[in-house]
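Next comes protein_10.cif, with mmCIF, C-alpha atoms and all ligand atoms.
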data_entry
loop_
_atom_site.label_atom_id
_atom_site.label_comp_id
_atom_site.auth_asym_id
_atom_site.auth_seq_id
_atom_site.Cartn_x
_atom_site.Cartn_y
_atom_site.Cartn_z
CA MET A 1 24.95 5.89 14.90
CA MET A 2 21.78 6.94 13.17
CA LYS A 3 18.29 5.88 14.20
CA ILE A 4 15.30 6.02 11.92
CA ILE A 5 11.64 5.11 12.15
CA HIS A 6 10.62 3.47 8.89
CA THR A 7 6.97 3.41 7.85
CA SER A 8 5.07 3.34 4.56
CA ASP A 9 1.73 2.65 2.90
CA TRP A 10 -0.56 4.68 5.13
CA HIS A 11 -3.25 4.92 2.45
CA LEU A 12 -4.94 7.87 4.18
CA GLY A 13 -8.38 8.61 2.83
CA GLN A 14 -9.15 5.02 1.92
CA GLU A 15 -12.84 4.34 1.82
CA PHE A 16 -13.33 0.73 2.89
CA TYR A 17 -16.50 -0.82 1.47
CA THR A 18 -18.07 2.66 1.77
CA TYR A 19 -16.89 3.06 5.40
CA ASP A 20 -14.69 5.97 6.46
CA ARG A 21 -11.42 4.94 8.11
CA THR A 22 -10.48 8.24 9.76
CA GLN A 23 -10.78 6.76 13.27
CA GLU A 24 -8.24 4.06 12.46
CA HIS A 25 -5.84 6.46 10.81
CA GLU A 26 -6.17 8.79 13.80
CA ALA A 27 -5.38 5.91 16.13
CA PHE A 28 -2.31 4.99 14.08
CA LEU A 29 -0.96 8.52 13.89
CA ASP A 30 -1.51 8.99 17.66
CA GLN A 31 0.55 5.84 18.22
CA LEU A 32 3.23 7.10 15.83
CA ALA A 33 3.47 10.38 17.74
CA MET A 34 3.95 8.41 20.98
CA ILE A 35 6.55 6.18 19.36
CA VAL A 36 8.71 9.07 18.11
CA ARG A 37 8.40 10.78 21.50
CA GLU A 38 9.82 7.66 23.16
CA GLU A 39 12.26 6.47 20.53
CA LYS A 40 13.67 9.91 19.64
CA PRO A 41 14.86 8.88 16.16
CA ASP A 42 17.06 11.11 14.05
CA ALA A 43 14.66 10.73 11.15
CA LEU A 44 11.19 9.50 10.30
CA VAL A 45 11.15 7.96 6.82
CA ILE A 46 7.77 7.58 5.11
CA SER A 47 8.31 5.37 2.04
CA GLY A 48 5.35 6.29 -0.14
CA ASP A 49 1.59 5.70 -0.44
CA ILE A 50 0.76 8.37 2.06
CA TYR A 51 -2.65 8.80 0.48
CA HIS A 52 -4.86 6.11 -0.99
CA THR A 53 -5.76 8.15 -4.05
CA SER A 54 -3.97 10.68 -6.21
CA ALA A 55 -6.73 13.22 -5.47
CA PRO A 56 -7.43 12.99 -1.72
CA SER A 57 -10.23 15.16 -0.36
CA ASN A 58 -9.52 18.51 1.28
CA SER A 59 -10.38 17.11 4.69
CA VAL A 60 -7.98 14.17 4.28
CA MET A 61 -5.16 16.51 3.23
CA ARG A 62 -5.86 18.78 6.16
CA PHE A 63 -5.97 15.77 8.50
CA PHE A 64 -2.57 14.64 7.20
CA THR A 65 -1.02 18.10 7.57
CA ASP A 66 -2.30 18.56 11.13
CA ARG A 67 -1.22 15.09 12.21
CA LEU A 68 2.22 15.27 10.61
CA ASP A 69 2.84 18.55 12.39
CA ARG A 70 1.78 16.94 15.68
CA ILE A 71 4.19 14.06 15.08
CA ARG A 72 6.94 16.55 14.32
CA GLN A 73 6.24 18.41 17.57
CA ALA A 74 6.38 15.12 19.50
CA CYS A 75 10.08 14.94 18.55
CA PRO A 76 11.12 18.38 17.27
CA GLN A 77 14.77 17.51 16.61
CA MET A 78 13.75 14.64 14.29
CA GLN A 79 13.83 15.15 10.52
CA ILE A 80 10.99 13.83 8.41
CA ILE A 81 11.51 12.51 4.90
CA MET A 82 8.55 11.49 2.79
CA THR A 83 8.35 10.27 -0.78
CA ALA A 84 5.52 9.64 -3.21
CA GLY A 85 4.25 6.10 -3.78
CA ASN A 86 2.35 4.82 -6.79
CA HIS A 87 -0.93 5.85 -5.11
CA ASP A 88 0.19 9.43 -4.52
CA SER A 89 0.20 12.28 -6.95
CA SER A 90 3.86 13.29 -7.07
CA SER A 91 3.12 16.90 -7.96
CA ARG A 92 0.30 17.27 -5.42
CA LEU A 93 2.56 15.98 -2.66
CA GLU A 94 5.16 18.61 -3.57
CA ILE A 95 2.74 21.57 -3.37
CA THR A 96 3.76 22.22 0.25
CA ARG A 97 7.41 21.16 -0.21
CA SER A 98 8.97 24.58 0.40
CA LEU A 99 6.84 25.28 3.48
CA TRP A 100 7.57 21.91 5.05
CA ALA A 101 11.30 22.44 4.41
CA HIS A 102 11.28 25.19 7.08
CA LEU A 103 10.17 22.59 9.62
CA GLY A 104 12.76 19.95 8.78
CA VAL A 105 10.39 17.97 6.59
CA SER A 106 11.68 16.90 3.16
CA VAL A 107 9.08 16.05 0.53
CA ILE A 108 10.35 14.21 -2.55
CA GLY A 109 7.59 13.54 -5.04
CA ARG A 110 9.49 13.56 -8.30
CA ILE A 111 12.77 13.75 -10.17
CA GLU A 112 13.70 17.19 -11.46
CA ARG A 113 16.34 18.87 -13.57
CA ASP A 114 18.29 21.95 -12.54
CA GLU A 115 18.45 25.20 -14.55
CA ASN A 116 21.19 23.71 -16.78
CA GLY A 117 18.98 20.80 -17.72
CA GLU A 118 21.02 18.35 -15.64
CA ILE A 119 19.27 15.88 -13.38
CA ASN A 120 19.22 17.30 -9.88
CA TYR A 121 20.51 14.38 -7.83
CA ASP A 122 21.09 16.50 -4.75
CA ARG A 123 17.40 16.93 -4.00
CA HIS A 124 17.29 13.16 -3.33
CA ILE A 125 20.26 13.18 -0.93
CA ILE A 126 19.18 14.43 2.48
CA PRO A 127 21.78 14.83 5.24
CA VAL A 128 20.42 13.74 8.63
CA SER A 129 22.20 16.22 10.92
CA ASP A 130 25.83 15.02 10.88
CA LYS A 131 24.90 11.37 11.40
CA GLY A 132 24.19 10.05 7.94
CA TYR A 133 22.07 10.42 4.83
CA VAL A 134 18.68 9.42 3.56
CA VAL A 135 18.59 8.95 -0.20
CA ALA A 136 14.96 9.40 -1.16
CA MET A 137 13.53 7.87 -4.33
CA PRO A 138 9.94 8.68 -5.17
CA HIS A 139 7.94 6.09 -7.08
CA VAL A 140 8.51 6.53 -10.80
CA PHE A 141 7.17 4.13 -13.42
CA PRO A 142 10.19 2.53 -15.13
CA GLN A 143 9.19 3.97 -18.50
CA ASN A 144 9.08 7.50 -17.05
CA TYR A 145 12.64 7.87 -15.81
CA PRO A 146 14.38 10.89 -17.35
CA ALA A 147 17.16 10.39 -19.85
CA THR A 148 20.55 11.00 -18.27
CA SER A 149 21.99 11.46 -21.75
CA GLN A 150 20.61 11.20 -25.25
CA ASP A 151 22.02 7.81 -26.09
CA VAL A 152 20.48 5.95 -23.11
CA PRO A 153 17.60 3.77 -24.35
CA ARG A 154 14.34 4.09 -22.42
CA GLU A 155 14.58 0.68 -20.75
CA GLU A 156 17.98 1.55 -19.31
CA ARG A 157 17.03 4.94 -17.92
CA MET A 158 16.15 3.74 -14.44
CA ALA A 159 19.49 1.96 -14.07
CA ALA A 160 21.32 5.00 -15.48
CA PHE A 161 19.54 7.31 -13.05
CA LEU A 162 20.40 5.08 -10.10
CA ALA A 163 24.03 4.86 -11.23
CA GLY A 164 24.22 8.66 -11.45
CA LEU A 165 22.61 9.01 -8.04
CA GLY A 166 25.01 6.44 -6.60
CA ARG A 167 28.03 8.35 -7.94
CA ARG A 168 26.71 11.54 -6.37
CA VAL A 169 26.11 9.83 -3.00
CA ARG A 170 29.74 8.60 -2.98
CA GLU A 171 30.97 12.13 -3.76
CA VAL A 172 28.89 13.71 -1.02
CA ASN A 173 29.46 11.11 1.71
CA VAL A 174 33.16 11.85 2.26
CA HIS A 175 33.11 10.62 5.86
CA GLY A 176 31.53 7.27 5.07
CA LEU A 177 28.45 7.90 7.22
CA PRO A 178 25.51 5.46 7.22
CA VAL A 179 23.21 5.76 4.20
CA VAL A 180 19.53 4.82 4.19
CA MET A 181 17.92 4.59 0.81
CA THR A 182 14.15 4.74 0.60
CA ALA A 183 12.15 3.57 -2.42
CA HIS A 184 8.62 2.51 -3.29
CA LEU A 185 8.85 -0.55 -5.51
CA ALA A 186 8.63 -4.34 -5.60
CA LEU A 187 12.00 -6.04 -5.38
CA THR A 188 12.53 -9.34 -7.11
CA GLY A 189 12.21 -12.17 -4.61
CA SER A 190 9.93 -10.44 -2.10
CA ASP A 191 6.83 -12.07 -0.64
CA ILE A 192 3.74 -10.33 -1.99
CA SER A 193 1.21 -12.02 0.37
CA GLY A 194 -2.07 -10.20 0.49
CA HIS A 195 -1.08 -7.90 -2.33
CA ASP A 196 -4.08 -7.06 -4.40
CA ALA A 197 -3.17 -6.56 -8.05
CA SER A 198 -5.65 -3.68 -8.27
CA ARG A 199 -3.34 -1.77 -5.98
CA GLY A 200 -1.08 -1.37 -8.97
CA GLY A 201 2.34 -2.06 -10.32
CA MET A 202 4.06 -5.28 -9.40
CA ASP A 203 6.81 -5.03 -11.97
CA CYS A 204 9.71 -6.33 -9.95
CA THR A 205 13.00 -4.48 -9.81
CA ASP A 206 16.19 -6.44 -9.41
CA ILE A 207 18.18 -5.20 -6.45
CA GLU A 208 21.41 -5.43 -8.43
CA GLU A 209 20.14 -2.47 -10.45
CA ILE A 210 20.20 -0.28 -7.37
CA SER A 211 23.74 0.95 -7.61
CA VAL A 212 23.35 3.51 -4.85
CA PRO A 213 25.51 2.57 -1.86
CA TYR A 214 23.28 2.04 1.17
CA ASP A 215 23.38 0.41 4.58
CA TYR A 216 19.63 -0.03 4.83
CA LEU A 217 17.04 -0.02 2.07
CA ALA A 218 13.76 1.31 3.52
CA LEU A 219 11.08 0.01 1.19
CA GLY A 220 7.41 0.67 0.66
CA HIS A 221 4.81 -0.82 -1.73
CA ILE A 222 4.49 -4.39 -0.41
CA HIS A 223 2.21 -4.39 2.62
CA PHE A 224 3.52 -7.57 4.23
CA ALA A 225 6.43 -6.64 6.53
CA GLN A 226 9.60 -8.54 5.71
CA THR A 227 13.35 -8.29 5.82
CA ILE A 228 15.19 -9.40 2.70
CA ARG A 229 18.65 -9.52 1.27
CA GLY A 230 20.40 -10.57 4.46
CA GLY A 231 18.90 -7.84 6.59
CA LYS A 232 19.93 -4.90 4.44
CA ALA A 233 16.55 -4.32 2.85
CA ARG A 234 13.15 -4.24 4.48
CA TYR A 235 9.50 -3.64 3.78
CA CYS A 236 8.09 -2.18 6.99
CA GLY A 237 4.56 -3.08 5.79
CA SER A 238 1.30 -1.17 6.08
CA PRO A 239 0.46 0.08 9.60
CA VAL A 240 -3.27 -0.40 9.00
CA PRO A 241 -4.49 -3.30 6.82
CA VAL A 242 -5.74 -2.13 3.44
CA SER A 243 -7.65 -5.34 2.58
CA PHE A 244 -9.06 -8.46 4.29
CA ASP A 245 -6.22 -10.46 2.81
CA GLU A 246 -3.70 -8.54 4.91
CA ASN A 247 -4.50 -10.76 7.90
CA TYR A 248 -1.10 -10.49 9.52
CA PRO A 249 0.38 -8.22 12.21
CA HIS A 250 0.95 -4.58 11.26
CA SER A 251 3.78 -2.49 12.57
CA ILE A 252 6.38 0.17 11.95
CA SER A 253 10.13 -0.41 12.16
CA ALA A 254 12.76 1.32 14.30
CA VAL A 255 16.20 0.87 12.74
CA VAL A 256 19.62 1.65 14.19
CA LEU A 257 22.58 1.96 11.81
CA GLY A 258 26.24 2.49 12.28
CA ASN A 259 29.40 0.94 13.66
CA GLY A 260 29.73 -1.09 10.50
CA SER A 261 27.39 -3.79 11.83
CA ALA A 262 24.15 -4.94 10.19
CA PRO A 263 21.11 -2.69 10.77
CA GLN A 264 19.32 -3.49 14.02
CA VAL A 265 15.59 -3.61 13.39
CA LYS A 266 12.90 -3.48 16.05
CA THR A 267 9.27 -3.78 15.02
CA ILE A 268 6.68 -1.83 16.98
CA ALA A 269 3.14 -3.18 16.66
CA ILE A 270 0.31 -0.85 15.71
CA ASP A 271 -3.07 -1.48 17.33
CA ASN A 272 -6.07 -1.07 15.10
CA PRO A 273 -9.33 -0.18 16.89
CA TRP A 274 -11.28 -1.59 13.94
CA PRO A 275 -9.75 -4.99 13.07
CA LEU A 276 -10.63 -6.73 9.80
CA LYS A 277 -12.27 -10.10 10.51
CA THR A 278 -13.16 -12.95 8.20
CA ILE A 279 -15.92 -14.99 9.89
CA PRO A 280 -15.46 -17.88 10.25
CA GLU A 281 -11.86 -18.55 9.35
CA ASP A 282 -12.89 -21.76 7.53
CA ALA A 283 -15.94 -21.29 5.34
CA ALA A 284 -19.33 -22.47 6.71
CA SER A 285 -22.84 -22.70 5.30
CA PHE A 286 -24.77 -19.49 4.80
CA ASP A 287 -27.16 -20.20 7.70
CA GLU A 288 -24.30 -21.03 10.06
CA VAL A 289 -22.51 -17.83 9.13
CA ILE A 290 -25.66 -15.76 9.65
CA SER A 291 -26.07 -17.18 13.14
CA LEU A 292 -22.41 -16.45 13.91
CA LEU A 293 -23.02 -12.85 12.87
CA LYS A 294 -26.12 -12.72 15.10
CA ASP A 295 -23.95 -13.91 18.02
CA PHE A 296 -21.20 -11.38 17.34
CA PRO A 297 -20.63 -9.21 20.45
CA ARG A 298 -22.77 -6.10 20.23
CA ARG A 299 -20.10 -3.62 21.25
CA GLU A 300 -17.10 -5.10 19.44
CA LYS A 301 -15.66 -2.94 16.69
CA ALA A 302 -14.72 -4.85 13.53
CA TYR A 303 -15.06 -4.89 9.80
CA ILE A 304 -16.57 -8.20 8.79
CA ARG A 305 -16.20 -10.39 5.74
CA ALA A 306 -18.49 -13.42 5.83
CA HIS A 307 -16.86 -16.65 4.68
CA VAL A 308 -19.50 -18.87 3.12
CA ILE A 309 -19.56 -22.23 1.34
CA LEU A 310 -21.35 -21.76 -1.92
CA GLU A 311 -23.54 -24.81 -2.69
CA ASP A 312 -25.11 -23.41 -5.80
CA VAL A 313 -25.56 -19.69 -6.34
CA PRO A 314 -25.42 -16.96 -3.68
CA PRO A 315 -28.71 -16.88 -1.71
CA ALA A 316 -31.13 -14.09 -2.57
CA ASN A 317 -30.57 -10.89 -0.56
CA ALA A 318 -27.42 -12.34 0.98
CA PHE A 319 -25.95 -8.90 1.66
CA LEU A 320 -29.15 -7.66 3.27
CA LYS A 321 -29.42 -10.76 5.47
CA ALA A 322 -25.85 -10.41 6.68
CA SER A 323 -26.31 -6.70 7.38
CA GLU A 324 -29.53 -7.42 9.29
CA ALA A 325 -27.78 -10.09 11.37
CA LEU A 326 -25.45 -7.34 12.57
CA ALA A 327 -28.20 -4.75 13.14
CA GLY A 328 -27.69 -2.75 16.33
CA LYS A 329 -24.07 -3.84 16.64
CA LYS A 330 -20.93 -1.75 16.23
CA ALA A 331 -19.44 -4.18 13.67
CA ARG A 332 -19.53 -3.13 10.03
CA PHE A 333 -20.51 -5.67 7.42
CA CYS A 334 -18.39 -5.41 4.27
CA THR A 335 -18.52 -8.33 1.92
CA PHE A 336 -18.60 -12.09 1.33
CA LYS A 337 -15.87 -14.51 0.50
CA TRP A 338 -17.52 -17.38 -1.35
CA GLU A 339 -15.92 -20.81 -1.26
CA LYS A 340 -17.08 -23.42 -3.76
CA ALA A 341 -18.67 -26.51 -2.18
CA GLY A 342 -17.14 -29.97 -2.36
CA ASN A 343 -13.58 -28.83 -2.81
CA ALA A 344 -14.18 -28.77 -6.53
CA PRO A 345 -10.82 -28.42 -8.23
CA GLN A 346 -10.32 -24.76 -9.00
CA THR A 347 -10.44 -24.40 -12.72
CA SER A 348 -8.18 -21.71 -14.01
CA PRO A 349 -10.17 -18.80 -15.37
CA VAL A 350 -10.49 -18.40 -19.12
CA ARG A 351 -8.06 -15.78 -20.34
CA LEU A 352 -9.15 -13.52 -23.16
CA ASP A 353 -7.46 -10.67 -24.92
CA VAL A 354 -9.22 -7.45 -25.91
CA GLU A 355 -9.97 -8.66 -29.46
CA GLN A 356 -11.59 -11.84 -28.15
CA ILE A 357 -13.65 -9.91 -25.62
CA ARG A 358 -14.90 -7.60 -28.40
CA SER A 359 -16.01 -10.61 -30.43
CA ILE A 360 -18.16 -12.08 -27.64
CA SER A 361 -21.64 -10.78 -26.84
CA PRO A 362 -22.08 -9.26 -23.35
CA VAL A 363 -24.46 -12.04 -22.31
CA ASN A 364 -22.06 -14.79 -23.37
CA LEU A 365 -19.20 -13.01 -21.65
CA ALA A 366 -21.26 -12.80 -18.45
CA MET A 367 -22.09 -16.52 -18.75
CA MET A 368 -18.42 -17.41 -19.08
CA TYR A 369 -17.59 -15.28 -16.07
CA TYR A 370 -20.39 -16.87 -14.06
CA ARG A 371 -19.21 -20.37 -14.94
CA ASP A 372 -15.67 -19.49 -13.84
CA ARG A 373 -16.77 -17.83 -10.68
CA PHE A 374 -19.45 -20.21 -9.42
CA GLY A 375 -18.74 -23.46 -11.29
CA SER A 376 -22.30 -23.74 -12.60
CA GLU A 377 -24.43 -22.36 -15.42
CA MET A 378 -26.41 -19.17 -15.14
CA THR A 379 -30.15 -19.87 -14.90
CA ASP A 380 -32.52 -18.82 -17.70
CA GLY A 381 -34.16 -16.36 -15.33
CA MET A 382 -30.87 -14.60 -14.65
CA LYS A 383 -30.00 -14.61 -18.32
CA GLY A 384 -33.35 -12.99 -19.11
CA LEU A 385 -32.79 -10.26 -16.52
CA LEU A 386 -29.34 -9.57 -17.86
CA GLU A 387 -30.57 -9.37 -21.46
CA GLU A 388 -33.25 -6.94 -20.39
CA ALA A 389 -30.70 -4.78 -18.55
CA ILE A 390 -28.39 -4.75 -21.57
CA ARG A 391 -31.30 -3.75 -23.81
CA ASN A 392 -32.21 -0.90 -21.48
CA VAL A 393 -28.64 0.37 -21.35
CA SER A 394 -28.10 0.23 -25.10
CA ASN A 395 -31.37 2.07 -25.77
CA ARG A 396 -30.23 5.05 -23.75
MN MN A 401 0.60 0.69 -0.85
#
Could you spell out this file's structure in structure tokens?
Amino acid sequence: MMKIIHTSDWHLGQEFYTYDRTQEHEAFLDQLAMIVREEKPDALVISGDIYHTSAPSNSVMRFFTDRLDRIRQACPQMQIIMTAGNHDSSSRLEITRSLWAHLGVSVIGRIERDENGEINYDRHIIPVSDKGYVVAMPHVFPQNYPATSQDVPREERMAAFLAGLGRRVREVNVHGLPVVMTAHLALTGSDISGHDASRGGMDCTDIEEISVPYDYLALGHIHFAQTIRGGKARYCGSPVPVSFDENYPHSISAVVLGNGSAPQVKTIAIDNPWPLKTIPEDAASFDEVISLLKDFPRREKAYIRAHVILEDVPPANAFLKASEALAGKKARFCTFKWEKAGNAPQTSPVRLDVEQIRSISPVNLAMMYYRDRFGSEMTDGMKGLLEEAIRNVSNR
């Protein structure tokens, strides 16, 4: 039997509409420390996107180091395995690799070759005491996988790497112990609810390509928690929502493997002291929404997105009015979600390639965008302002 805690997509250091999220991340990591103290897992697996940016600030990196050490102390016999996600800098994450190794923490940011130029598969295969293995795959863009031999074309390198890794896992695992594989990628057929394309890479990988033998595939990258492939693969989801569209429960997963049965998964909810709220759930008029904000409990902590029916164009000073409605309250105003009035059929946005964009003047491009976004024409006054702004910028 091997027990792991599976978590991913922490996004530490995320600035949320200019607000600092340290309090929420602190609350999450305090809960995680309590969870490992109670659950006593053999390993904690962190499946990528530890940081929100590839260059986190010094204070965020220090915060992470201090907190991870506290989590480790909460369950000293537990191993910790962390890999880089697409948001992390693989080389930055590995700076402290050798120091963490002394404390039972394995950091796998990248794929490396040994002194003979051969791919070092063993650095990805981490024995978890004598109970099993964690095979740790950092996020690597498909085009950046190393060549296993000269005649492997670029598009087959990922599959070749995974096949080589799989062979090595079979060689090492002579006793047939449970194997957890961790990876940060989007699997074909997963539900990408709430995934914001700006968060990067949604090239889907087909699970058949993963030729590494595993009993449980601990995945990161998709923030919506879900079990797929008959219970053998799971996204544990983000513990703290990264956007307003992640309006679903957030948790970490405790997984027990062994005895040849399917992995037993238990989700443990994470409480967020600063929930993300869209007010109201169904869009209302601007004035109605403003009065809802005025009535919002003074001491309640929340990030707020105002959900407004757009009759024409956004009212003047909309942001200021919403912020003023929340003056003196704890809640933090973030943004609007505009809904077009009259259930106008959503027209699909015009798609342009780079050449087409170059051939259109900035003002015309803005007008097209405006038409798509708000379903009406830009007024002459707005057009004039925009032209003036463009003139000022180009005269610099
Ligand atoms: Mn992520």
For His175 in chain A, please output as a PyMOL selection string all residues within 12 Å (counting only C-alpha atoms; exclusion window: fewer than 3 positions along the same chain).
-> chain A and resi 130-133+169-172+178-179
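Closest approach to Val107 in chain A among A:Val140, A:Met78, A:Gly48, A:Gly384 is made by A:Gly48 (distances from only C-alpha atoms).
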Long-range neighbours of Met61 in chain A as a PyMOL selection string, 9 Å cut-off, all atoms listed in the file, 3 positions minimum in chain = chain A and resi 12-13+51+56-58+64-66
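The residue that comes closest to Val134 in chain A, out of A:His223, A:His6, A:Arg299, A:Arg332 and on the basis of only C-alpha atoms, is A:His6.
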In terms of the shortest atom-to-atom distance over all atoms listed in the file, which of A:His221, A:Arg167, A:Arg123, A:His25 is closest to ligand MN 401 (chain A)?
-> A:His221
Using only C-alpha atoms and all ligand atoms, tabulate the residues of chain A lying at most 7 Å from any atom of ligand MN 401 (chain A), each with its closest atom pair and that distance in Å to one decimal, by chain and increasing residue number, as a Markdown table.
| residue | atom | partner | partner_atom | distance |
| --- | --- | --- | --- | --- |
| A:Asp9 | CA | A:MN401 | MN | 4.4 |
| A:His11 | CA | A:MN401 | MN | 6.6 |
| A:Asp49 | CA | A:MN401 | MN | 5.1 |
| A:His87 | CA | A:MN401 | MN | 6.9 |
| A:Arg199 | CA | A:MN401 | MN | 6.9 |
| A:Gly220 | CA | A:MN401 | MN | 7.0 |
| A:His221 | CA | A:MN401 | MN | 4.6 |
| A:Ile222 | CA | A:MN401 | MN | 6.4 |
| A:His223 | CA | A:MN401 | MN | 6.4 |
Show which residues sit within 12 Å of Ile108 in chain A, as a CSV table (one decimal) with C-alpha atoms, keeping the file's coordinate frame. Count only C-alpha atoms, and ignore same-chain residues fewer than 5 positions away.
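The resulting part_27.csv:
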chain,number,residue,atom,x,y,z
A,45,VAL,CA,11.2,8.0,6.8
A,46,ILE,CA,7.8,7.6,5.1
A,47,SER,CA,8.3,5.4,2.0
A,48,GLY,CA,5.4,6.3,-0.1
A,80,ILE,CA,11.0,13.8,8.4
A,81,ILE,CA,11.5,12.5,4.9
A,82,MET,CA,8.6,11.5,2.8
A,83,THR,CA,8.4,10.3,-0.8
A,84,ALA,CA,5.5,9.6,-3.2
A,85,GLY,CA,4.2,6.1,-3.8
A,88,ASP,CA,0.2,9.4,-4.5
A,89,SER,CA,0.2,12.3,-7.0
A,90,SER,CA,3.9,13.3,-7.1
A,91,SER,CA,3.1,16.9,-8.0
A,92,ARG,CA,0.3,17.3,-5.4
A,93,LEU,CA,2.6,16.0,-2.7
A,94,GLU,CA,5.2,18.6,-3.6
A,95,ILE,CA,2.7,21.6,-3.4
A,96,THR,CA,3.8,22.2,0.2
A,97,ARG,CA,7.4,21.2,-0.2
A,98,SER,CA,9.0,24.6,0.4
A,100,TRP,CA,7.6,21.9,5.0
A,101,ALA,CA,11.3,22.4,4.4
A,120,ASN,CA,19.2,17.3,-9.9
A,121,TYR,CA,20.5,14.4,-7.8
A,122,ASP,CA,21.1,16.5,-4.8
A,123,ARG,CA,17.4,16.9,-4.0
A,124,HIS,CA,17.3,13.2,-3.3
A,125,ILE,CA,20.3,13.2,-0.9
A,126,ILE,CA,19.2,14.4,2.5
A,134,VAL,CA,18.7,9.4,3.6
A,135,VAL,CA,18.6,9.0,-0.2
A,136,ALA,CA,15.0,9.4,-1.2
A,137,MET,CA,13.5,7.9,-4.3
A,138,PRO,CA,9.9,8.7,-5.2
A,139,HIS,CA,7.9,6.1,-7.1
A,140,VAL,CA,8.5,6.5,-10.8
A,182,THR,CA,14.2,4.7,0.6
A,183,ALA,CA,12.2,3.6,-2.4
A,184,HIS,CA,8.6,2.5,-3.3
Neighbours of Pro142 in chain A within 10 Å (only C-alpha atoms; same-chain residues fewer than 2 positions away dropped), as a VMD selection string?
-> chain A and resid 139 to 140 144 to 146 154 to 159 203 205
Given 8 Å on each side, where is the centre and what are the edge lengths in Å to one decimal of the axis-aligned box enclosing the listed atoms of range 298-317 of chain A, as JSON?
{"center_x": -22.9, "center_y": -13.9, "center_z": 7.5, "size_x": 32.4, "size_y": 37.9, "size_z": 43.6}
May I have the residues within 7 Å of range 282-286 of chain A as a PyMOL selection string, using only C-alpha atoms and disregarding those fewer than 6 positions away in the same chain?
-> chain A and resi 307-309+339
Which of A:Asp380, A:Ser190, A:Pro127, A:Ile111 sits closest to Thr148 in chain A [using all atoms listed in the file] = A:Ile111
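Reported to one decimal place, the separation of CA of Gly237 in chain A from CA of Arg110 in chain A is 22.4 Å.
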Taken to one decimal, the CA of Ile390 in chain A-CA of Arg371 in chain A distance is 19.3 Å
Pick from A:Lys383, A:Leu326, A:Asp42, A:Ala306 nearest to Met368 in chain A, counting all atoms listed in the file = A:Lys383
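Taking CA of Val152 in chain A and CA of Arg168 in chain A as endpoints, the distance between them is 18.7 Å.
Nearest residue to Leu177 in chain A, choosing from A:Met382, A:Ala331, A:Met1, A:Ala389 and counting only C-alpha atoms: A:Met1.
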